[in-house]
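Below is my_file01.cif, holding mmCIF, C-alpha atoms.
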```cif
data_run
loop_
_atom_site.label_atom_id
_atom_site.label_comp_id
_atom_site.auth_asym_id
_atom_site.auth_seq_id
_atom_site.Cartn_x
_atom_site.Cartn_y
_atom_site.Cartn_z
CA MET A 26 16.80 -3.73 16.92
CA LYS A 27 18.09 -6.02 14.20
CA ALA A 28 16.04 -6.22 11.03
CA HIS A 29 15.65 -9.99 11.16
CA LYS A 30 14.68 -9.75 14.84
CA SER A 31 12.02 -7.17 13.99
CA SER A 32 10.60 -9.44 11.27
CA SER A 33 10.60 -12.40 13.65
CA LEU A 34 8.74 -10.45 16.35
CA ILE A 35 6.12 -9.35 13.83
CA LEU A 36 5.66 -12.91 12.59
CA ILE A 37 5.38 -14.19 16.17
CA ALA A 38 2.83 -11.46 16.91
CA LEU A 39 0.83 -12.54 13.85
CA VAL A 40 0.70 -16.18 14.98
CA LEU A 41 -0.10 -15.25 18.59
CA GLY A 42 -2.83 -12.92 17.35
CA ILE A 43 -4.49 -15.75 15.41
CA GLY A 44 -4.24 -18.13 18.36
CA THR A 45 -5.51 -15.59 20.90
CA GLY A 46 -8.36 -14.50 18.66
CA TYR A 47 -9.41 -18.11 18.05
CA LEU A 48 -9.36 -18.82 21.79
CA PHE A 49 -11.63 -15.86 22.56
CA ASN A 50 -13.85 -16.72 19.59
CA ILE A 51 -14.65 -20.24 20.79
CA THR A 52 -15.03 -19.31 24.47
CA SER A 53 -17.08 -16.12 24.16
CA THR A 54 -20.60 -15.19 23.14
CA PRO A 55 -20.93 -13.02 20.00
CA GLU A 56 -21.61 -9.95 22.15
CA ALA A 57 -18.62 -10.63 24.39
CA ALA A 58 -16.41 -11.30 21.34
CA LYS A 59 -17.28 -7.89 19.91
CA GLN A 60 -16.47 -6.26 23.23
CA ILE A 61 -13.13 -8.06 23.47
CA ALA A 62 -12.33 -7.10 19.87
CA GLY A 63 -13.04 -3.50 20.85
CA TYR A 64 -10.32 -3.68 23.48
CA PHE A 65 -7.88 -5.09 20.92
CA GLY A 66 -8.98 -2.26 18.64
CA ILE A 67 -7.62 0.29 21.10
CA ALA A 68 -4.05 -0.96 20.61
CA THR A 69 -4.55 -1.22 16.85
CA ASP A 70 -5.93 2.32 16.62
CA VAL A 71 -3.09 3.73 18.72
CA PHE A 72 -0.47 2.11 16.50
CA LEU A 73 -2.15 3.26 13.27
CA ARG A 74 -2.55 6.78 14.69
CA LEU A 75 1.17 6.87 15.48
CA ILE A 76 1.88 5.81 11.90
CA LYS A 77 -0.47 8.47 10.51
CA MET A 78 1.27 11.02 12.75
CA VAL A 79 4.53 10.33 10.94
CA ILE A 80 3.32 10.09 7.32
CA ALA A 81 2.70 13.74 6.39
CA PRO A 82 5.90 15.30 7.83
CA LEU A 83 7.98 12.37 6.57
CA VAL A 84 6.65 12.64 3.00
CA PHE A 85 6.98 16.43 2.99
CA ALA A 86 10.49 16.53 4.44
CA THR A 87 11.96 13.76 2.27
CA LEU A 88 10.38 15.06 -0.93
CA VAL A 89 11.35 18.72 -0.38
CA SER A 90 14.87 17.75 0.69
CA GLY A 91 15.34 15.49 -2.32
CA LEU A 92 13.96 17.96 -4.88
CA ALA A 93 15.88 20.89 -3.40
CA ASN A 94 19.08 18.91 -3.78
CA ILE A 95 18.20 17.92 -7.35
CA GLY A 96 17.43 21.54 -8.18
CA ASP A 97 16.61 20.75 -11.82
CA SER A 98 13.00 20.56 -13.02
CA LYS A 99 14.07 18.59 -16.11
CA THR A 100 15.55 15.88 -13.91
CA VAL A 101 12.36 15.76 -11.87
CA GLY A 102 10.31 15.43 -15.07
CA ARG A 103 12.54 12.62 -16.32
CA ILE A 104 12.31 10.70 -13.04
CA GLY A 105 8.54 11.23 -12.90
CA ALA A 106 8.09 9.98 -16.48
CA LYS A 107 10.08 6.80 -15.76
CA ALA A 108 8.11 6.17 -12.59
CA MET A 109 4.72 6.71 -14.25
CA GLY A 110 5.72 4.44 -17.14
CA TRP A 111 6.45 1.65 -14.67
CA PHE A 112 3.24 2.33 -12.73
CA VAL A 113 1.01 2.16 -15.82
CA ALA A 114 2.62 -1.06 -17.03
CA ALA A 115 2.31 -2.62 -13.57
CA SER A 116 -1.35 -1.56 -13.28
CA ILE A 117 -2.26 -3.09 -16.64
CA GLY A 118 -0.40 -6.29 -15.78
CA SER A 119 -2.09 -6.55 -12.38
CA LEU A 120 -5.57 -6.09 -13.85
CA LEU A 121 -4.93 -8.64 -16.60
CA ILE A 122 -3.71 -11.25 -14.10
CA GLY A 123 -6.84 -10.67 -12.03
CA LEU A 124 -9.03 -11.06 -15.12
CA ILE A 125 -7.30 -14.25 -16.28
CA PHE A 126 -7.42 -16.01 -12.90
CA ALA A 127 -10.98 -14.93 -12.10
CA ASN A 128 -12.12 -16.42 -15.44
CA ALA A 129 -9.98 -19.54 -15.17
CA LEU A 130 -10.74 -20.43 -11.55
CA GLN A 131 -14.26 -18.92 -11.37
CA PRO A 132 -14.39 -18.61 -7.56
CA GLY A 133 -17.95 -17.25 -7.60
CA VAL A 134 -19.52 -19.95 -9.76
CA GLY A 135 -21.89 -22.23 -7.86
CA LEU A 136 -22.97 -19.75 -5.20
CA ASN A 137 -26.19 -19.09 -7.19
CA MET A 138 -27.04 -15.94 -5.28
CA PRO A 139 -30.52 -14.47 -5.96
CA LEU A 140 -30.47 -11.00 -7.42
CA PRO A 141 -31.14 -8.40 -4.69
CA GLU A 142 -34.09 -6.06 -4.80
CA VAL A 143 -33.61 -2.79 -6.63
CA GLY A 144 -31.98 -0.30 -4.32
CA ALA A 145 -30.28 -2.86 -2.13
CA ALA A 146 -26.69 -1.75 -1.76
CA THR A 147 -23.86 -1.46 0.65
CA ASN A 148 -23.33 1.64 2.72
CA LEU A 149 -20.12 2.52 0.89
CA LYS A 150 -19.87 6.02 -0.49
CA THR A 151 -19.41 5.89 -4.23
CA GLY A 152 -20.63 9.17 -5.61
CA ALA A 153 -17.26 10.92 -5.81
CA LEU A 154 -15.47 8.42 -7.99
CA ASN A 155 -15.08 10.14 -11.34
CA LEU A 156 -12.16 11.49 -13.34
CA ALA A 157 -13.08 15.18 -12.99
CA ASP A 158 -13.28 15.03 -9.20
CA PHE A 159 -10.05 13.04 -9.03
CA ILE A 160 -8.12 15.62 -11.08
CA THR A 161 -9.34 18.53 -8.97
CA HIS A 162 -8.75 16.58 -5.75
CA VAL A 163 -5.08 16.09 -6.65
CA PHE A 164 -4.40 19.81 -6.13
CA PRO A 165 -4.66 20.98 -2.51
CA LYS A 166 -6.62 24.07 -1.59
CA SER A 167 -4.74 24.13 1.71
CA ILE A 168 -1.50 22.38 2.57
CA VAL A 169 -2.59 22.38 6.22
CA GLU A 170 -5.77 20.52 5.30
CA ALA A 171 -3.81 18.09 3.09
CA MET A 172 -1.35 17.30 5.88
CA ALA A 173 -4.10 17.01 8.47
CA GLY A 174 -5.87 14.46 6.25
CA ASN A 175 -2.65 12.66 5.25
CA SER A 176 -3.53 13.17 1.59
CA VAL A 177 -0.24 11.93 0.15
CA LEU A 178 -0.97 13.02 -3.41
CA GLN A 179 -1.84 16.57 -2.37
CA ILE A 180 1.22 16.77 -0.13
CA LEU A 181 3.30 15.54 -3.04
CA VAL A 182 2.00 18.31 -5.35
CA PHE A 183 2.76 21.07 -2.82
CA SER A 184 6.14 19.54 -1.99
CA VAL A 185 7.13 19.48 -5.68
CA PHE A 186 6.45 23.22 -6.00
CA PHE A 187 8.15 23.99 -2.69
CA GLY A 188 11.18 21.77 -3.31
CA LEU A 189 11.80 23.01 -6.86
CA ALA A 190 11.46 26.64 -5.78
CA LEU A 191 13.87 26.07 -2.91
CA GLY A 192 16.32 24.34 -5.22
CA HIS A 193 16.37 27.28 -7.64
CA LEU A 194 17.21 29.82 -4.93
CA HIS A 195 20.91 30.25 -4.25
CA SER A 196 20.89 32.66 -1.32
CA GLN A 197 22.55 31.76 1.94
CA THR A 198 19.15 31.67 3.64
CA ALA A 199 17.81 29.20 1.06
CA ARG A 200 20.86 26.95 1.42
CA SER A 201 20.40 27.07 5.19
CA LEU A 202 16.75 26.04 4.76
CA VAL A 203 17.80 23.10 2.56
CA ALA A 204 20.22 21.97 5.28
CA THR A 205 17.43 22.33 7.82
CA MET A 206 15.12 20.14 5.70
CA ASP A 207 17.90 17.54 5.49
CA ASP A 208 18.07 17.54 9.29
CA VAL A 209 14.28 17.26 9.53
CA VAL A 210 14.51 14.09 7.41
CA HIS A 211 16.98 12.61 9.89
CA VAL A 212 14.77 13.54 12.83
CA MET A 213 11.63 12.09 11.22
CA LEU A 214 13.45 8.84 10.43
CA LYS A 215 14.44 8.58 14.09
CA VAL A 216 10.85 9.28 15.15
CA THR A 217 9.76 6.58 12.71
CA ASP A 218 12.19 4.15 14.33
CA TYR A 219 10.59 4.81 17.72
CA VAL A 220 7.07 4.32 16.32
CA MET A 221 7.96 1.07 14.54
CA ARG A 222 9.04 -0.49 17.83
CA PHE A 223 5.31 -0.77 18.58
CA ALA A 224 4.67 -2.71 15.34
CA PRO A 225 4.47 -6.19 16.95
CA VAL A 226 1.86 -4.90 19.44
CA GLY A 227 -0.20 -3.34 16.66
CA VAL A 228 0.02 -6.49 14.54
CA PHE A 229 -1.03 -8.75 17.43
CA ALA A 230 -4.03 -6.59 18.30
CA ALA A 231 -5.20 -6.16 14.70
CA VAL A 232 -5.21 -9.89 13.91
CA ALA A 233 -6.57 -10.97 17.31
CA GLY A 234 -9.47 -8.53 17.01
CA VAL A 235 -10.55 -9.78 13.59
CA VAL A 236 -10.30 -13.48 14.46
CA THR A 237 -12.08 -12.95 17.80
CA VAL A 238 -15.22 -11.71 16.04
CA GLN A 239 -15.16 -13.69 12.79
CA GLY A 240 -13.36 -16.88 13.80
CA ILE A 241 -11.27 -19.11 11.58
CA GLY A 242 -14.14 -21.23 10.30
CA MET A 243 -15.25 -18.49 7.90
CA LEU A 244 -12.06 -19.05 5.94
CA ALA A 245 -13.32 -22.51 4.94
CA VAL A 246 -16.64 -21.12 3.67
CA PHE A 247 -14.87 -18.77 1.30
CA GLY A 248 -11.85 -21.03 0.86
CA LYS A 249 -12.15 -21.13 -2.93
CA LEU A 250 -12.15 -17.33 -3.19
CA LEU A 251 -9.21 -17.00 -0.80
CA ALA A 252 -7.21 -19.75 -2.49
CA SER A 253 -7.89 -18.37 -5.97
CA PHE A 254 -6.98 -14.84 -4.97
CA TYR A 255 -3.74 -15.81 -3.22
CA LEU A 256 -2.75 -18.02 -6.16
CA ALA A 257 -3.24 -15.03 -8.46
CA LEU A 258 -1.21 -12.90 -6.01
CA ALA A 259 1.62 -15.46 -6.16
CA VAL A 260 1.71 -15.15 -9.95
CA LEU A 261 1.65 -11.36 -9.66
CA TRP A 262 4.56 -11.51 -7.22
CA ALA A 263 6.50 -13.65 -9.70
CA VAL A 264 5.83 -11.12 -12.47
CA ILE A 265 6.82 -8.13 -10.30
CA ILE A 266 9.98 -9.83 -9.04
CA GLY A 267 10.79 -10.96 -12.60
CA ALA A 268 10.47 -7.37 -13.83
CA GLY A 269 12.72 -6.29 -10.98
CA TYR A 270 15.26 -8.95 -11.94
CA LEU A 271 15.42 -7.58 -15.50
CA VAL A 272 16.46 -4.20 -14.10
CA LEU A 273 18.37 -5.05 -10.92
CA GLY A 274 19.73 -8.51 -11.68
CA LYS A 275 20.54 -10.69 -8.67
CA GLU A 276 20.38 -7.62 -6.41
CA VAL A 277 16.59 -7.98 -6.47
CA PHE A 278 16.94 -10.90 -4.03
CA ARG A 279 18.87 -8.71 -1.58
CA LEU A 280 16.07 -6.17 -1.90
CA LEU A 281 13.46 -8.84 -1.14
CA LYS A 282 15.36 -9.80 2.00
CA LEU A 283 15.36 -6.18 3.17
CA VAL A 284 11.69 -5.44 2.48
CA LYS A 285 10.27 -8.56 4.13
CA SER A 286 9.84 -6.64 7.39
CA PRO A 287 7.67 -3.79 5.97
CA MET A 288 5.77 -6.39 3.92
CA LEU A 289 4.99 -8.31 7.11
CA VAL A 290 3.81 -5.09 8.78
CA GLY A 291 1.58 -4.33 5.79
CA PHE A 292 0.28 -7.90 5.65
CA SER A 293 -0.53 -8.08 9.35
CA THR A 294 -2.18 -4.67 9.70
CA ALA A 295 -3.73 -4.58 6.18
CA SER A 296 -2.51 -0.98 6.01
CA SER A 297 -0.07 0.27 3.39
CA GLU A 298 0.50 3.38 5.49
CA SER A 299 1.83 1.30 8.38
CA ALA A 300 4.57 -0.10 6.14
CA TYR A 301 5.57 3.22 4.54
CA PRO A 302 8.12 4.49 7.10
CA LYS A 303 9.87 1.12 7.47
CA LEU A 304 9.93 0.70 3.68
CA MET A 305 11.72 4.04 3.31
CA GLU A 306 14.30 2.93 5.85
CA GLN A 307 14.92 -0.40 4.11
CA LEU A 308 15.24 1.17 0.66
CA GLU A 309 17.87 3.46 2.12
CA LYS A 310 19.74 0.43 3.46
CA PHE A 311 19.64 -1.03 -0.04
CA GLY A 312 21.39 2.12 -1.22
CA VAL A 313 18.58 4.02 -2.96
CA LYS A 314 19.30 7.72 -2.66
CA ASN A 315 16.80 9.79 -0.68
CA ARG A 316 16.06 12.09 -3.60
CA ILE A 317 14.62 9.12 -5.52
CA THR A 318 12.84 7.46 -2.61
CA GLY A 319 11.35 10.74 -1.41
CA PHE A 320 9.83 11.41 -4.83
CA VAL A 321 8.92 8.03 -6.33
CA LEU A 322 7.61 6.24 -3.23
CA PRO A 323 4.86 8.77 -2.35
CA LEU A 324 3.90 8.82 -6.03
CA GLY A 325 3.69 5.03 -5.99
CA TYR A 326 1.36 5.07 -3.00
CA SER A 327 -1.20 6.84 -5.18
CA PHE A 328 -0.53 5.29 -8.60
CA ASN A 329 1.15 1.92 -8.05
CA LEU A 330 -1.04 -0.26 -5.85
CA ASP A 331 -0.54 -3.53 -7.74
CA GLY A 332 -2.32 -5.79 -5.26
CA SER A 333 -5.32 -3.48 -4.98
CA MET A 334 -5.57 -3.18 -8.77
CA MET A 335 -5.70 -6.95 -9.19
CA TYR A 336 -8.21 -7.26 -6.37
CA THR A 337 -10.67 -4.84 -7.97
CA ALA A 338 -10.81 -6.95 -11.15
CA PHE A 339 -11.03 -10.17 -9.14
CA ALA A 340 -13.80 -8.88 -6.85
CA ALA A 341 -15.94 -7.44 -9.66
CA LEU A 342 -15.83 -10.69 -11.64
CA PHE A 343 -16.49 -12.71 -8.47
CA VAL A 344 -19.72 -10.74 -7.93
CA ALA A 345 -20.78 -11.33 -11.55
CA GLN A 346 -20.14 -15.07 -11.19
CA ALA A 347 -21.90 -15.30 -7.81
CA TYR A 348 -25.09 -13.85 -9.29
CA GLY A 349 -24.79 -15.76 -12.56
CA ILE A 350 -24.46 -12.61 -14.69
CA PRO A 351 -22.43 -13.31 -17.87
CA MET A 352 -19.92 -10.69 -19.05
CA SER A 353 -18.37 -10.67 -22.50
CA LEU A 354 -14.63 -10.25 -22.93
CA GLY A 355 -15.22 -6.75 -24.31
CA GLU A 356 -17.22 -5.77 -21.21
CA GLN A 357 -14.51 -7.16 -18.97
CA VAL A 358 -11.74 -5.23 -20.73
CA THR A 359 -13.82 -2.05 -20.59
CA MET A 360 -14.39 -2.63 -16.89
CA LEU A 361 -10.64 -3.01 -16.36
CA LEU A 362 -9.99 0.37 -17.96
CA VAL A 363 -12.65 1.99 -15.76
CA LEU A 364 -11.18 0.33 -12.67
CA MET A 365 -7.71 1.53 -13.62
CA ILE A 366 -8.86 5.16 -13.75
CA SER A 367 -11.21 5.02 -10.75
CA SER A 368 -8.68 3.41 -8.42
CA LYS A 369 -6.29 6.36 -8.67
CA GLY A 370 -8.58 8.71 -6.81
CA VAL A 371 -9.10 6.89 -3.52
CA ALA A 372 -5.68 5.49 -2.61
CA GLY A 373 -5.77 7.00 0.87
CA VAL A 374 -9.29 5.81 1.76
CA PRO A 375 -9.58 2.85 4.16
CA ARG A 376 -10.80 -0.22 2.26
CA SER A 377 -10.38 1.89 -0.88
CA SER A 378 -10.49 -1.16 -3.16
CA LEU A 379 -14.01 -1.97 -1.94
CA VAL A 380 -15.07 1.61 -2.58
CA VAL A 381 -13.74 1.43 -6.13
CA VAL A 382 -15.49 -1.85 -6.87
CA ALA A 383 -18.74 -0.57 -5.37
CA ALA A 384 -18.59 2.46 -7.66
CA VAL A 385 -17.90 0.45 -10.81
CA LEU A 386 -20.37 -2.44 -10.36
CA PRO A 387 -23.52 -0.41 -11.21
CA MET A 388 -21.90 0.83 -14.44
CA PHE A 389 -21.94 -2.78 -15.69
CA HIS A 390 -25.36 -3.71 -14.21
CA LEU A 391 -23.84 -5.80 -11.45
CA PRO A 392 -25.51 -5.73 -8.00
CA GLU A 393 -23.59 -3.45 -5.66
CA ALA A 394 -24.91 -5.50 -2.74
CA GLY A 395 -22.70 -8.35 -3.98
CA LEU A 396 -19.86 -6.80 -2.01
CA LEU A 397 -21.59 -8.02 1.14
CA LEU A 398 -20.41 -11.48 0.09
CA ILE A 399 -16.81 -10.36 0.29
CA MET A 400 -16.83 -7.93 3.19
CA GLY A 401 -16.77 -10.70 5.82
CA ILE A 402 -13.38 -11.94 4.65
CA ASP A 403 -12.15 -8.71 3.09
CA HIS A 404 -9.65 -8.20 5.90
CA PHE A 405 -7.86 -11.41 4.93
CA LEU A 406 -7.93 -10.44 1.25
CA ASP A 407 -6.72 -6.96 2.19
CA MET A 408 -3.72 -8.42 4.00
CA GLY A 409 -2.47 -10.06 0.80
CA ARG A 410 -3.08 -7.13 -1.49
CA THR A 411 -1.43 -4.72 0.98
CA ALA A 412 1.75 -6.80 1.14
CA THR A 413 1.73 -6.87 -2.66
CA ASN A 414 1.39 -3.07 -2.79
CA VAL A 415 4.47 -2.76 -0.57
CA LEU A 416 6.47 -5.18 -2.74
CA GLY A 417 5.43 -3.43 -5.96
CA ASN A 418 6.41 0.01 -4.71
CA ALA A 419 9.74 -1.24 -3.33
CA ILE A 420 10.76 -2.72 -6.69
CA ALA A 421 9.37 0.22 -8.68
CA THR A 422 11.33 2.76 -6.61
CA THR A 423 14.53 0.73 -6.81
CA ALA A 424 14.14 0.22 -10.58
CA VAL A 425 13.81 3.97 -11.16
CA ALA A 426 16.84 4.55 -8.94
CA LYS A 427 18.80 2.02 -11.02
CA TRP A 428 17.88 3.81 -14.25
CA GLU A 429 18.98 7.09 -12.67
CA ASN A 430 22.28 5.64 -11.35
CA ALA A 431 21.07 6.65 -7.89
CA ILE A 432 21.93 3.52 -5.90
CA ASP A 433 24.93 3.85 -3.60
CA PRO A 434 27.14 0.79 -3.02
CA VAL A 435 26.21 -0.51 0.42
CA SER A 436 27.92 -3.27 2.33
CA HIS A 437 25.81 -6.44 2.48
CA ALA A 438 26.66 -6.54 6.16
CA PHE A 439 24.04 -3.82 6.58
CA ASP A 440 21.26 -6.08 5.32
CA ASP A 441 20.49 -7.62 8.69
CA GLU A 442 21.88 -5.08 11.11
CA ASP A 443 19.89 -1.96 11.87
CA GLU A 444 22.74 -0.84 14.09
CA ALA A 445 25.13 -0.86 11.15
CA LEU A 446 23.22 2.00 9.60
CA PRO A 447 21.41 4.01 12.29
CA VAL A 448 18.06 5.39 11.31
CA ALA A 449 18.99 8.75 12.75
CA GLU A 450 22.01 8.98 10.45
CA PRO A 451 20.90 7.94 6.97
CA LEU A 452 23.07 8.02 3.89
CA PRO A 453 23.80 11.62 2.79
CA LEU A 454 21.47 13.14 0.26
CA ALA A 455 22.91 13.49 -3.20
CA ALA A 456 23.73 17.02 -4.19
#
```
Taking this structure as input, can you express it in the form of structure tokens?
Amino acid sequence: MKAHKSSSLILIALVLGIGTGYLFNITSTPEAAKQIAGYFGIATDVFLRLIKMVIAPLVFATLVSGLANIGDSKTVGRIGAKAMGWFVAASIGSLLIGLIFANALQPGVGLNMPLPEVGAATNLKTGALNLADFITHVFPKSIVEAMAGNSVLQILVFSVFFGLALGHLHSQTARSLVATMDDVVHVMLKVTDYVMRFAPVGVFAAVAGVVTVQGIGMLAVFGKLLASFYLALAVLWAVIIGAGYLVLGKEVFRLLKLVKSPMLVGFSTASSESAYPKLMEQLEKFGVKNRITGFVLPLGYSFNLDGSMMYTAFAALFVAQAYGIPMSLGEQVTMLLVLMISSKGVAGVPRSSLVVVAAVLPMFHLPEAGLLLIMGIDHFLDMGRTATNVLGNAIATTAVAKWENAIDPVSHAFDDEDEALPVAEPLPLAA
């Protein structure tokens, strides 16, 4: 399937999903709409389960294969330091943009919500969001449990140890195991290709289900919040792409053309995981060597969620404005720092951004129940921040690869033709 054809099918599925959902919404009772959405949910759940099926073995195989071929812990440390430097800078920038636009546009002002009674709160679990628990959670007590739960950060930690150890062994058996891991990467990429053929179906069902229950009219009620947030996202995109241009030059535009398909998948399903396999494939087409992609991309999925970072600042300030609670600049900056730390621990949790905000609001005497104002349209906000997460990680990974001279020259003819570079036969791993 050609890349541009895949993107077109996903976009068509998105539009059809909106239209179908709207049709069911206006012709069905609320009870019937929920039942219909449940049927759409079956297709959505199947697609997301297939994606989750691929994540753990794909991350493990690519990371171990890449590190084993690097074989040098100093190189791994250097690549990791460059990646984390980019991630921290991007996180700070994302939070600041969210703060600036939330204060300038003030989407929550005028709602004049009454303060809820003491104890009123959402049903989100917030007790585990602290630095100590996050640090201990990073290290797996069982790799089987980590893979079963698709805990990317824990898989990454085990894979680093396993890959470095394998790279330092020079026996014939070890070299044979490295070759086997290389083959596993090829197999998993082919499996991923099969799974991604169901992407248009998953996209259609996900969007149709949401619109069937909630309708399109709700977008007008919260139009100011949606418009403000997407305007801030547009600025964030410009900043991210601008940073990519400083490193990659005009090649950043070729990268954008390649990653539009995984961005559409992420946008439509509101799931960063759903875009992960396709993003790996497209980065490979760009020429990024597997040893860089296999290490930096999983790391980015835990530490470089630019859209989610901006959303947490935006949502927290929206709640403060909606309830008429003033916050000084010092309090806002402090809140940003807390959000930056808290957000790193729940990257793999569905609606993780909401969980982070719910945990931080009480620290600044903001009503946790304020999230109920957002939850009705959170899916539409999540779509934008997920696409931004995909874009941010694509540029971050490619920038690190550029600094490491780990981008192979690839014919531009491959940009639109999946057949020109079969998924089952990716570019050879660098020795």
Fill in: Expansion of the PyMOL selection byres ((chain A and resi 36-49) around 10) into residues, as a ChimeraX atom specification
/A:30-35,50-54,57-58,61-62,65,224-242,286,289-290,292-294
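As for atom CA of Tyr348 of chain A and atom CA of Asn414 of chain A, they are spaced 29.3 Å apart.
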What are the closest atom pairs, with distances in Å to one decimal, for each residue of segment 38-138 of chain A lying within 7 Å of segment 257-280 of chain A, using only C-alpha atoms, rows by chain and rising residue number, as CSV?
```
residue,atom,partner,partner_atom,distance
A:Ser119,CA,A:Leu261,CA,6.7
A:Ile122,CA,A:Ala257,CA,6.8
A:Gly123,CA,A:Ala257,CA,6.7
A:Phe126,CA,A:Ala257,CA,6.2
```
**Non-local contacts of Pro323 of chain A (12 Å; all atoms listed in the file; under 3 positions in same chain excluded) as an MDAnalysis selection string** = chainID A and resid 80:81 83:88 105 108 175:182 184:185 297:298 301:302 304:305 316:320 326:330 372:373 415 418:419 421:422
Mind telling me what the PyMOL selection byres ((chain A and resi 253) around 10) catches here, as an mmCIF file with C-alpha atoms, keeping the file's coordinate frame?
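To be explicit, this is the file written out as expr.cif:
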```
data_model
loop_
_atom_site.group_PDB
_atom_site.id
_atom_site.type_symbol
_atom_site.label_atom_id
_atom_site.label_comp_id
_atom_site.auth_asym_id
_atom_site.auth_seq_id
_atom_site.Cartn_x
_atom_site.Cartn_y
_atom_site.Cartn_z
ATOM 1 C CA GLY A 123 -6.840 -10.670 -12.030
ATOM 2 C CA PHE A 126 -7.420 -16.010 -12.900
ATOM 3 C CA ALA A 127 -10.980 -14.930 -12.100
ATOM 4 C CA ALA A 129 -9.980 -19.540 -15.170
ATOM 5 C CA LEU A 130 -10.740 -20.430 -11.550
ATOM 6 C CA GLN A 131 -14.260 -18.920 -11.370
ATOM 7 C CA PRO A 132 -14.390 -18.610 -7.560
ATOM 8 C CA GLY A 248 -11.850 -21.030 0.860
ATOM 9 C CA LYS A 249 -12.150 -21.130 -2.930
ATOM 10 C CA LEU A 250 -12.150 -17.330 -3.190
ATOM 11 C CA LEU A 251 -9.210 -17.000 -0.800
ATOM 12 C CA ALA A 252 -7.210 -19.750 -2.490
ATOM 13 C CA PHE A 254 -6.980 -14.840 -4.970
ATOM 14 C CA TYR A 255 -3.740 -15.810 -3.220
ATOM 15 C CA LEU A 256 -2.750 -18.020 -6.160
ATOM 16 C CA ALA A 257 -3.240 -15.030 -8.460
ATOM 17 C CA LEU A 258 -1.210 -12.900 -6.010
ATOM 18 C CA ALA A 259 1.620 -15.460 -6.160
ATOM 19 C CA PHE A 339 -11.030 -10.170 -9.140
#
```
Here atom CA of Leu75 of chain A and atom CA of Leu416 of chain A stand apart by 22.5 Å
Please identify all polymer residues lying at most 9 Å from the point (8.1, 11.7, 13.7) (file coordinates), using only C-alpha atoms, and present the result as a PDB file with C-alpha atoms, keeping the file's coordinate frame.
```pdb
ATOM      1  CA  LEU A  75       1.170   6.870  15.480  1.00  0.00           C
ATOM      2  CA  ILE A  76       1.880   5.810  11.900  1.00  0.00           C
ATOM      3  CA  MET A  78       1.270  11.020  12.750  1.00  0.00           C
ATOM      4  CA  VAL A  79       4.530  10.330  10.940  1.00  0.00           C
ATOM      5  CA  ILE A  80       3.320  10.090   7.320  1.00  0.00           C
ATOM      6  CA  PRO A  82       5.900  15.300   7.830  1.00  0.00           C
ATOM      7  CA  LEU A  83       7.980  12.370   6.570  1.00  0.00           C
ATOM      8  CA  VAL A 212      14.770  13.540  12.830  1.00  0.00           C
ATOM      9  CA  MET A 213      11.630  12.090  11.220  1.00  0.00           C
ATOM     10  CA  LEU A 214      13.450   8.840  10.430  1.00  0.00           C
ATOM     11  CA  LYS A 215      14.440   8.580  14.090  1.00  0.00           C
ATOM     12  CA  VAL A 216      10.850   9.280  15.150  1.00  0.00           C
ATOM     13  CA  THR A 217       9.760   6.580  12.710  1.00  0.00           C
ATOM     14  CA  ASP A 218      12.190   4.150  14.330  1.00  0.00           C
ATOM     15  CA  TYR A 219      10.590   4.810  17.720  1.00  0.00           C
ATOM     16  CA  VAL A 220       7.070   4.320  16.320  1.00  0.00           C
TER      17      VAL A 220
END
```
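The two atoms in question, atom CA of Ile420 of chain A and atom CA of Lys314 of chain A, are spaced 14.1 Å apart.
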Using all atoms listed in the file, the residue out of A:Glu306, A:Glu356, A:Asp407, A:Glu170 with shortest distance to Met334 of chain A is A:Asp407
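Counting only C-alpha atoms, the residue from A:Ile117, A:Val169, A:Gln346, A:Val284 that sits nearest to Phe311 of chain A is A:Val284.
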Counting only C-alpha atoms, closest pick from A:Tyr336, A:Phe343, A:Trp428, A:Phe405 relative to Ser116 of chain A is A:Tyr336
I need every residue sitting at most 8 Å from the point (16.3, 18.2, 4.3) (coordinates as in the file, all atoms listed in the file considered), written as a count of residues only. 15
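Restricting the calculation to only C-alpha atoms, the smallest distance between Ala347 of chain A and any of A:Leu194, A:Leu396, A:Ala424, A:Val113 is found for A:Leu396.
Shortest separation to Val134 of chain A among A:Ala338, A:Ile432, A:Val358, A:Val344 occurs at residue A:Val344, atoms counted being all atoms listed in the file.
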